[in-house]
>>> print(open('input.txt').read())   # compact mmCIF, C-alpha atoms and all ligand atoms
# COMPACT_ATOMS: atom_id res chain seq x y z
CA MET A 19 0.00 0.00 0.00
CA SER A 20 1.51 3.30 -0.94
CA THR A 21 0.15 6.35 0.76
CA HIS A 22 0.41 9.86 -0.51
CA ILE A 23 1.38 11.94 2.50
CA VAL A 24 -0.93 14.87 3.11
CA GLY A 25 0.94 17.92 4.47
CA ARG A 26 3.90 17.15 6.75
CA ALA A 27 6.32 19.05 4.52
CA ALA A 28 8.64 20.06 7.37
CA GLU A 29 8.59 16.62 8.99
CA THR A 30 9.19 14.90 5.65
CA GLU A 31 12.14 17.17 4.96
CA ALA A 32 13.56 16.55 8.43
CA LEU A 33 13.23 12.79 8.19
CA LEU A 34 14.69 12.71 4.66
CA ALA A 35 17.63 14.80 5.80
CA CYS A 36 18.36 12.61 8.83
CA ILE A 37 18.15 9.33 6.91
CA ALA A 38 20.19 10.68 4.02
CA ALA A 39 22.79 11.84 6.56
CA GLY A 40 22.93 8.34 8.01
CA ARG A 41 21.44 9.46 11.32
CA HIS A 42 19.09 7.34 13.37
CA VAL A 43 15.71 8.90 14.05
CA LEU A 44 13.19 8.67 16.82
CA LEU A 45 9.70 9.53 15.57
CA GLU A 46 7.64 10.60 18.52
CA GLY A 47 3.91 11.19 18.51
CA PRO A 48 0.56 9.93 19.75
CA VAL A 49 -1.09 6.75 18.48
CA GLY A 50 -2.37 7.02 14.92
CA VAL A 51 -0.76 10.39 14.17
CA GLY A 52 0.97 9.08 11.04
CA LYS A 53 4.40 7.86 12.16
CA THR A 54 4.38 4.65 10.14
CA ALA A 55 2.86 6.32 7.09
CA LEU A 56 5.56 9.00 7.10
CA ALA A 57 8.41 6.54 7.58
CA ARG A 58 7.15 4.34 4.75
CA ALA A 59 6.71 7.29 2.43
CA VAL A 60 10.20 8.59 3.14
CA CYS A 61 11.74 5.13 2.56
CA ALA A 62 9.90 5.00 -0.77
CA MET A 63 11.16 8.47 -1.70
CA LEU A 64 14.74 7.46 -0.91
CA ASP A 65 14.22 4.10 -2.61
CA ARG A 66 15.50 2.38 0.52
CA PRO A 67 14.36 -1.05 1.62
CA MET A 68 12.51 -0.95 4.94
CA VAL A 69 12.43 -3.84 7.38
CA ARG A 70 9.74 -3.48 10.01
CA VAL A 71 9.62 -4.68 13.59
CA ASP A 72 6.81 -4.22 16.08
CA GLY A 73 8.13 -3.89 19.59
CA ASP A 74 6.42 -5.51 22.52
CA GLY A 75 7.39 -6.68 25.98
CA ARG A 76 8.06 -10.24 24.83
CA TYR A 77 10.24 -9.35 21.88
CA SER A 78 13.49 -11.29 22.16
CA GLU A 79 17.07 -10.74 21.16
CA SER A 80 17.06 -13.75 18.85
CA LYS A 81 13.91 -12.48 17.13
CA LEU A 82 15.63 -9.17 16.41
CA VAL A 83 19.05 -10.48 15.41
CA GLY A 84 18.16 -13.90 14.02
CA LEU A 85 18.98 -17.46 15.03
CA PHE A 86 20.50 -20.66 13.77
CA ASP A 87 17.97 -23.13 12.42
CA PRO A 88 18.32 -26.04 14.93
CA PRO A 89 17.67 -28.97 12.51
CA ALA A 90 20.09 -27.47 9.98
CA VAL A 91 22.74 -27.02 12.66
CA LEU A 92 22.33 -30.66 13.68
CA THR A 93 23.21 -31.88 10.21
CA GLN A 94 25.54 -29.12 8.99
CA GLY A 95 26.93 -27.38 12.07
CA TYR A 96 27.03 -23.61 12.56
CA ARG A 97 27.40 -22.72 8.90
CA PRO A 98 26.42 -19.19 7.81
CA GLU A 99 23.75 -20.69 5.51
CA CYS A 100 22.00 -22.10 8.57
CA PHE A 101 21.53 -18.66 10.09
CA LEU A 102 18.02 -17.25 9.74
CA ALA A 103 18.59 -13.52 9.71
CA GLY A 104 16.27 -11.43 11.86
CA PRO A 105 15.16 -7.92 10.92
CA LEU A 106 18.28 -6.23 12.35
CA VAL A 107 20.70 -8.37 10.36
CA GLN A 108 18.49 -8.15 7.26
CA ALA A 109 18.43 -4.34 7.39
CA MET A 110 22.18 -4.15 8.09
CA ARG A 111 23.03 -6.42 5.17
CA LEU A 112 20.68 -4.53 2.83
CA GLY A 113 21.90 -1.11 3.92
CA GLY A 114 18.25 -0.41 4.56
CA VAL A 115 16.05 1.25 7.12
CA LEU A 116 15.18 -0.79 10.19
CA PHE A 117 11.82 0.56 11.30
CA VAL A 118 11.10 -0.34 14.91
CA ASN A 119 7.59 0.49 15.98
CA GLU A 120 7.28 1.28 19.67
CA LEU A 121 10.91 0.69 20.54
CA ASN A 122 10.22 1.72 24.14
CA ARG A 123 8.03 -1.36 24.62
CA MET A 124 10.87 -3.75 23.92
CA PRO A 125 12.70 -5.22 26.91
CA GLU A 126 15.75 -3.17 27.77
CA GLY A 127 18.08 -6.07 27.02
CA VAL A 128 16.78 -6.19 23.46
CA GLN A 129 17.08 -2.42 23.09
CA ASN A 130 20.71 -2.68 24.17
CA VAL A 131 21.49 -5.09 21.33
CA LEU A 132 20.97 -2.11 19.04
CA LEU A 133 23.69 0.02 20.64
CA PRO A 134 26.71 -1.38 18.73
CA ALA A 135 24.69 -1.43 15.52
CA LEU A 136 23.90 2.25 15.99
CA ASP A 137 27.38 3.27 17.08
CA GLU A 138 29.67 1.31 14.84
CA GLY A 139 27.37 -0.26 12.29
CA ARG A 140 28.39 -3.74 13.42
CA ILE A 141 27.24 -6.43 15.79
CA PHE A 142 28.72 -9.69 16.94
CA VAL A 143 26.56 -12.78 16.60
CA PRO A 144 27.73 -15.91 18.46
CA ASN A 145 28.71 -18.73 16.06
CA LEU A 146 28.23 -16.43 13.08
CA GLY A 147 30.78 -13.73 13.77
CA GLU A 148 30.67 -10.08 13.02
CA VAL A 149 27.90 -8.61 10.88
CA ALA A 150 28.81 -5.26 9.35
CA ALA A 151 26.15 -2.88 8.09
CA ALA A 152 26.19 -2.02 4.40
CA PRO A 153 26.27 1.73 3.70
CA GLY A 154 22.90 3.35 4.27
CA PHE A 155 21.80 1.32 7.28
CA VAL A 156 19.79 3.47 9.70
CA LEU A 157 17.28 2.87 12.43
CA VAL A 158 13.98 4.73 12.52
CA ALA A 159 12.15 4.02 15.73
CA THR A 160 8.84 5.25 17.07
CA GLN A 161 7.63 5.85 20.56
CA ASN A 162 4.36 7.10 21.87
CA PRO A 163 5.00 9.70 24.59
CA ALA A 164 1.65 9.16 26.32
CA GLU A 165 2.53 5.57 27.09
CA PHE A 166 5.57 6.08 29.25
CA VAL A 167 3.66 5.38 32.41
CA ALA A 168 2.75 1.91 31.21
CA THR A 169 5.86 1.03 29.23
CA GLY A 170 8.86 3.05 30.35
CA ALA A 171 10.94 5.48 28.37
CA LEU A 172 14.05 4.68 26.38
CA SER A 173 17.36 4.57 28.21
CA GLU A 174 19.56 7.63 28.18
CA ALA A 175 22.24 5.68 26.32
CA LEU A 176 19.84 4.85 23.51
CA LEU A 177 18.32 8.34 23.35
CA ASP A 178 21.80 9.80 22.92
CA ARG A 179 22.08 8.03 19.58
CA PHE A 180 18.88 9.37 18.02
CA GLU A 181 17.71 12.56 16.38
CA LEU A 182 14.14 13.44 17.30
CA VAL A 183 11.32 14.19 14.87
CA ARG A 184 8.05 15.02 16.63
CA LEU A 185 4.69 14.51 14.98
CA ASP A 186 1.66 16.27 16.32
CA TYR A 187 -1.92 16.15 15.09
CA GLN A 188 -2.43 17.86 11.73
CA THR A 189 -4.80 20.70 10.83
CA GLU A 190 -8.49 20.09 10.35
CA ALA A 191 -8.22 20.63 6.60
CA GLU A 192 -5.36 18.13 6.34
CA GLU A 193 -7.21 15.56 8.42
CA ARG A 194 -10.21 15.85 6.09
CA ASP A 195 -7.91 15.23 3.13
CA ILE A 196 -6.39 12.20 4.86
CA VAL A 197 -9.82 10.72 5.59
CA ALA A 198 -10.95 11.37 2.01
CA GLN A 199 -7.82 9.63 0.73
CA ASP A 200 -7.70 6.67 3.11
CA ALA A 201 -11.37 5.81 3.65
CA ARG A 202 -12.44 2.71 1.77
CA CYS A 203 -16.18 3.28 1.61
CA SER A 204 -16.17 6.59 -0.28
CA PRO A 205 -17.85 8.69 2.44
CA GLY A 206 -19.33 11.97 1.21
CA MET A 207 -17.79 15.27 2.21
CA ASP A 208 -20.53 15.91 4.80
CA ILE A 209 -19.64 12.64 6.55
CA ILE A 210 -15.93 13.40 6.41
CA VAL A 211 -16.43 16.87 7.88
CA SER A 212 -18.56 15.55 10.76
CA ALA A 213 -16.24 12.62 11.48
CA VAL A 214 -13.17 14.84 11.64
CA THR A 215 -14.93 17.48 13.76
CA LEU A 216 -16.13 14.84 16.19
CA VAL A 217 -12.77 13.09 16.48
CA ARG A 218 -10.95 16.38 16.99
CA ALA A 219 -13.41 17.26 19.74
CA THR A 220 -12.27 14.19 21.69
CA ARG A 221 -8.79 15.77 21.96
CA SER A 222 -9.92 18.95 23.70
CA ASP A 223 -12.69 17.66 25.95
CA ALA A 224 -11.80 17.94 29.64
CA ARG A 225 -13.49 14.60 30.36
CA ILE A 226 -11.16 12.76 28.01
CA ARG A 227 -7.56 11.98 28.93
CA ARG A 228 -6.50 10.58 25.56
CA GLY A 229 -8.41 11.60 22.46
CA ALA A 230 -8.64 9.84 19.12
CA SER A 231 -6.46 10.15 16.02
CA VAL A 232 -7.09 10.57 12.33
CA ARG A 233 -7.14 6.76 12.13
CA ALA A 234 -10.29 6.89 14.24
CA ALA A 235 -11.76 9.54 11.93
CA ILE A 236 -11.17 7.22 8.97
CA ALA A 237 -13.01 4.44 10.81
CA VAL A 238 -15.92 6.71 11.78
CA ALA A 239 -16.29 7.97 8.21
CA ASP A 240 -16.16 4.46 6.72
CA ILE A 241 -18.74 3.05 9.12
CA ALA A 242 -20.99 6.10 8.76
CA ALA A 243 -20.90 5.68 4.99
CA ARG A 244 -22.29 2.15 5.54
CA LEU A 245 -24.89 3.41 8.02
CA GLY A 246 -26.60 5.89 5.74
CA GLY A 247 -24.46 8.78 6.98
CA ASP A 248 -25.15 8.25 10.69
CA VAL A 249 -21.90 9.64 12.10
CA ALA A 250 -23.16 9.59 15.70
CA ARG A 251 -23.84 5.87 15.54
CA ALA A 252 -20.56 5.18 13.78
CA ALA A 253 -18.77 7.06 16.56
CA GLN A 254 -20.39 4.77 19.15
CA LEU A 255 -18.80 1.84 17.34
CA ALA A 256 -15.42 3.32 16.49
CA LEU A 257 -14.49 5.56 19.39
CA PRO A 258 -14.97 3.74 22.74
CA THR A 259 -11.87 1.62 22.06
CA ARG A 260 -9.85 4.64 21.00
CA ILE A 261 -10.36 7.17 23.76
CA GLU A 262 -9.52 7.08 27.43
CA LEU A 263 -11.76 8.87 29.90
CA VAL A 264 -10.48 10.78 32.90
CA ASP A 265 -13.15 9.19 35.08
CA PRO A 266 -15.15 6.43 33.38
CA THR A 267 -17.58 6.34 36.31
CA ALA A 268 -18.48 10.04 35.97
CA THR A 269 -19.92 10.04 32.44
CA PRO A 270 -20.69 6.87 30.50
CA VAL A 271 -18.74 6.86 27.26
CA ALA A 272 -21.93 6.50 25.18
CA ALA A 273 -23.45 9.65 26.66
CA LEU A 274 -20.22 11.55 26.25
CA LEU A 275 -19.95 10.58 22.58
CA ASP A 276 -23.57 11.55 21.97
CA ASP A 277 -22.86 14.92 23.48
CA LEU A 278 -19.82 15.43 21.24
CA ALA A 279 -21.78 14.23 18.20
CA LYS A 280 -24.47 16.85 18.81
CA LYS A 281 -21.81 19.53 18.93
CA ALA A 282 -20.11 18.13 15.82
CA ARG A 283 -23.32 18.32 13.83
CA VAL A 284 -23.67 21.97 14.84
CA ALA A 285 -20.32 22.52 13.14
CA ASP A 286 -21.48 20.58 10.08
CA PRO A 287 -22.10 22.99 7.18
CA ARG A 288 -25.09 20.99 5.89
N1 LIG A 301 -0.09 12.88 6.63
C1 LIG A 301 -0.76 11.80 6.24
N2 LIG A 301 -1.04 11.59 4.95
C2 LIG A 301 -1.74 10.50 4.55
N3 LIG A 301 -2.20 9.56 5.38
C3 LIG A 301 -1.96 9.71 6.68
C4 LIG A 301 -1.23 10.82 7.19
N4 LIG A 301 -1.15 10.71 8.53
C5 LIG A 301 -1.80 9.60 8.86
N5 LIG A 301 -2.30 8.98 7.75
C6 LIG A 301 -3.10 7.76 7.73
O1 LIG A 301 -3.69 7.64 9.02
C7 LIG A 301 -3.65 6.30 9.48
C8 LIG A 301 -2.81 6.20 10.73
O2 LIG A 301 -1.45 6.51 10.43
P1 LIG A 301 -0.24 5.60 10.94
O3 LIG A 301 -0.62 4.17 10.95
O4 LIG A 301 0.95 5.98 10.14
O5 LIG A 301 -0.11 6.15 12.43
P2 LIG A 301 0.97 5.76 13.53
O6 LIG A 301 1.40 7.02 14.16
O7 LIG A 301 2.01 4.90 12.93
O8 LIG A 301 0.08 4.93 14.53
P3 LIG A 301 0.55 3.94 15.73
O9 LIG A 301 0.96 4.84 16.84
O10 LIG A 301 -0.69 3.17 16.05
O11 LIG A 301 1.65 3.09 15.17
C9 LIG A 301 -3.11 5.48 8.31
O12 LIG A 301 -4.20 5.02 7.55
C10 LIG A 301 -2.29 6.50 7.52
O13 LIG A 301 -2.20 6.14 6.18
MG MG A 302 2.50 2.92 13.40
>>> encode(input="input.txt", output="structure tokens")
Amino acid sequence: MSTHIVGRAAETEALLACIAAGRHVLLEGPVGVGKTALARAVCAMLDRPMVRVDGDGRYSESKLVGLFDPPAVLTQGYRPECFLAGPLVQAMRLGGVLFVNELNRMPEGVQNVLLPALDEGRIFVPNLGEVAAAPGFVLVATQNPAEFVATGALSEALLDRFELVRLDYQTEAEERDIVAQDARCSPGMDIIVSAVTLVRATRSDARIRRGASVRAAIAVADIAARLGGDVARAAQLALPTRIELVDPTATPVAALLDDLAKKARVADPR
């Protein structure tokens, strides 16, 4: 899937410059703000291969680096052909971009495996030997700043090796363009306007701790298009999983979303 990036001129330029300069980049921004879309688009612009990893608490060192295929080792020994390269070794050999989603969720031990790769462009793999990165190898990692409480921030040592590109929510006009481009069910402009207004309202409401992203607006618009344009009902389906209330016992989420939907329709030019 290739996505045309709406807006983001400054961020695109910054990311292109860092990658072209061989610098590793930390893309920081809330869930669904467009981190993956931007990284993919920039890799495509630079014609660089991208190897993707999704970080989680159970991600292991051998998953990242690779491992020897046990049955092959039994018959052939530790030959290089028996090594199943993981994403880090693949990206290093290709001189590509290793894209690590949510690096801060990975166990610290796994994060530390990256240090020599970032510093010297080489790692040592037991029984395989040294793997040197081909020219062009860089790491682009993402982290979601709102999640630090649950997941922990990156170590100082790791942060010291990254340049930072921050992504914030885009303008209303840009978010409408993104929804129009990415929605699959061809919602009309009136649906798109309402969906974006409603989703943006979740970010500024005092009762909501974490509002929804443009990804949520795409979902609302798509569902509404299948529900005869009923954006309020689509929001009841798409938003409860995507917002976090300050106090869920104070206002039920359904009532809160109905309230926001009423306000969103006021802003609808229909
Ligand atoms: N500037 C943009 N131009 C075009 N599409 C965009 C843009 N920003 C976001 N999108 C679209 O919005 C959706 C969410 O973006 P994306 O998946 O890149 O967010 P993310 O920040 O990587 O999310 P997560 O934190 O969950 O990994 C995707 O469908 C993506 O194509
Ligand atoms: Mg992503």
>>> closest_atom_pairs(input="input.txt", of="segment 87-195 of chain A", to="segment 24-35 of chain A", cutoff="10 Å", atoms="only C-alpha atoms", output="Markdown table")
| residue | atom | partner | partner_atom | distance |
| --- | --- | --- | --- | --- |
| A:Val158 | CA | A:Leu33 | CA | 9.2 |
| A:Glu181 | CA | A:Leu33 | CA | 9.3 |
| A:Leu182 | CA | A:Leu33 | CA | 9.2 |
| A:Val183 | CA | A:Glu29 | CA | 6.9 |
| A:Arg184 | CA | A:Glu29 | CA | 7.8 |
| A:Leu185 | CA | A:Glu29 | CA | 7.5 |
| A:Asp186 | CA | A:Arg26 | CA | 9.9 |
| A:Gln188 | CA | A:Gly25 | CA | 8.0 |
| A:Thr189 | CA | A:Gly25 | CA | 9.0 |
| A:Ala191 | CA | A:Gly25 | CA | 9.8 |
| A:Glu192 | CA | A:Val24 | CA | 6.4 |
| A:Glu193 | CA | A:Val24 | CA | 8.3 |
| A:Arg194 | CA | A:Val24 | CA | 9.8 |
| A:Asp195 | CA | A:Val24 | CA | 7.0 |
>>> residues_near_ligand(input="input.txt", ligand="ligand MG 302 (chain A)", cutoff="7 Å", atoms="all atoms listed in the file", output="ChimeraX atom specification")
/A:50,52-54,119
>>> atom_distance(input="input.txt", atom1="atom CA of Asp248 of chain A", atom2="atom CA of Ala279 of chain A")
10.2 Å
>>> atom_distance(input="input.txt", atom1="atom CA of Glu174 of chain A", atom2="atom CA of Ile37 of chain A")
21.4 Å
>>> closest_residue(input="input.txt", among="A:Arg41, A:Arg202, A:Arg221, A:Arg123", to="Ser173 of chain A", atoms="all atoms listed in the file")
A:Arg123
>>> atom_distance(input="input.txt", atom1="atom CA of Glu148 of chain A", atom2="atom CA of Asn130 of chain A")
16.7 Å
>>> closest_residue(input="input.txt", among="A:Met110, A:Leu116, A:Ala243, A:Ala273", to="Arg140 of chain A", atoms="only C-alpha atoms")
A:Met110
>>> residues_around(input="input.txt", residues="Pro163 of chain A", least_positions_apart="3", cutoff="9 Å", atoms="all atoms listed in the file", output="list in words")
Glu46, Gly47, Pro48, Phe166 and Ala171 of chain A
>>> residues_near_point(input="input.txt", point="(-24.0, 8.3, 19.6)", cutoff="7 Å", atoms="all atoms listed in the file", output="list in words")
Ala250, Arg251, Ala253, Gln254, Ala272, Leu275, Asp276 and Ala279 of chain A
>>> closest_residue(input="input.txt", among="A:Ala150, A:Val118, A:Ala62, A:Ile241", to="ligand LIG 301 (chain A)", atoms="all atoms listed in the file")
A:Val118
>>> closest_residue(input="input.txt", among="A:Ala230, A:Ala224, A:Val83, A:Ala103", to="ligand LIG 301 (chain A)", atoms="only C-alpha atoms and all ligand atoms")
A:Ala230
>>> residues_around(input="input.txt", residues="Ala55 of chain A", least_positions_apart="3", cutoff="10 Å", atoms="all atoms listed in the file", output="list in words")
Met19, Ser20, Thr21, His22, Ile23, Gly50, Val51, Gly52, Arg58, Ala59 and Val60 of chain A
>>> closest_residue(input="input.txt", among="A:Thr259, A:Gln161, A:Ser212, A:Ser80", to="ligand LIG 301 (chain A)", atoms="all atoms listed in the file")
A:Gln161
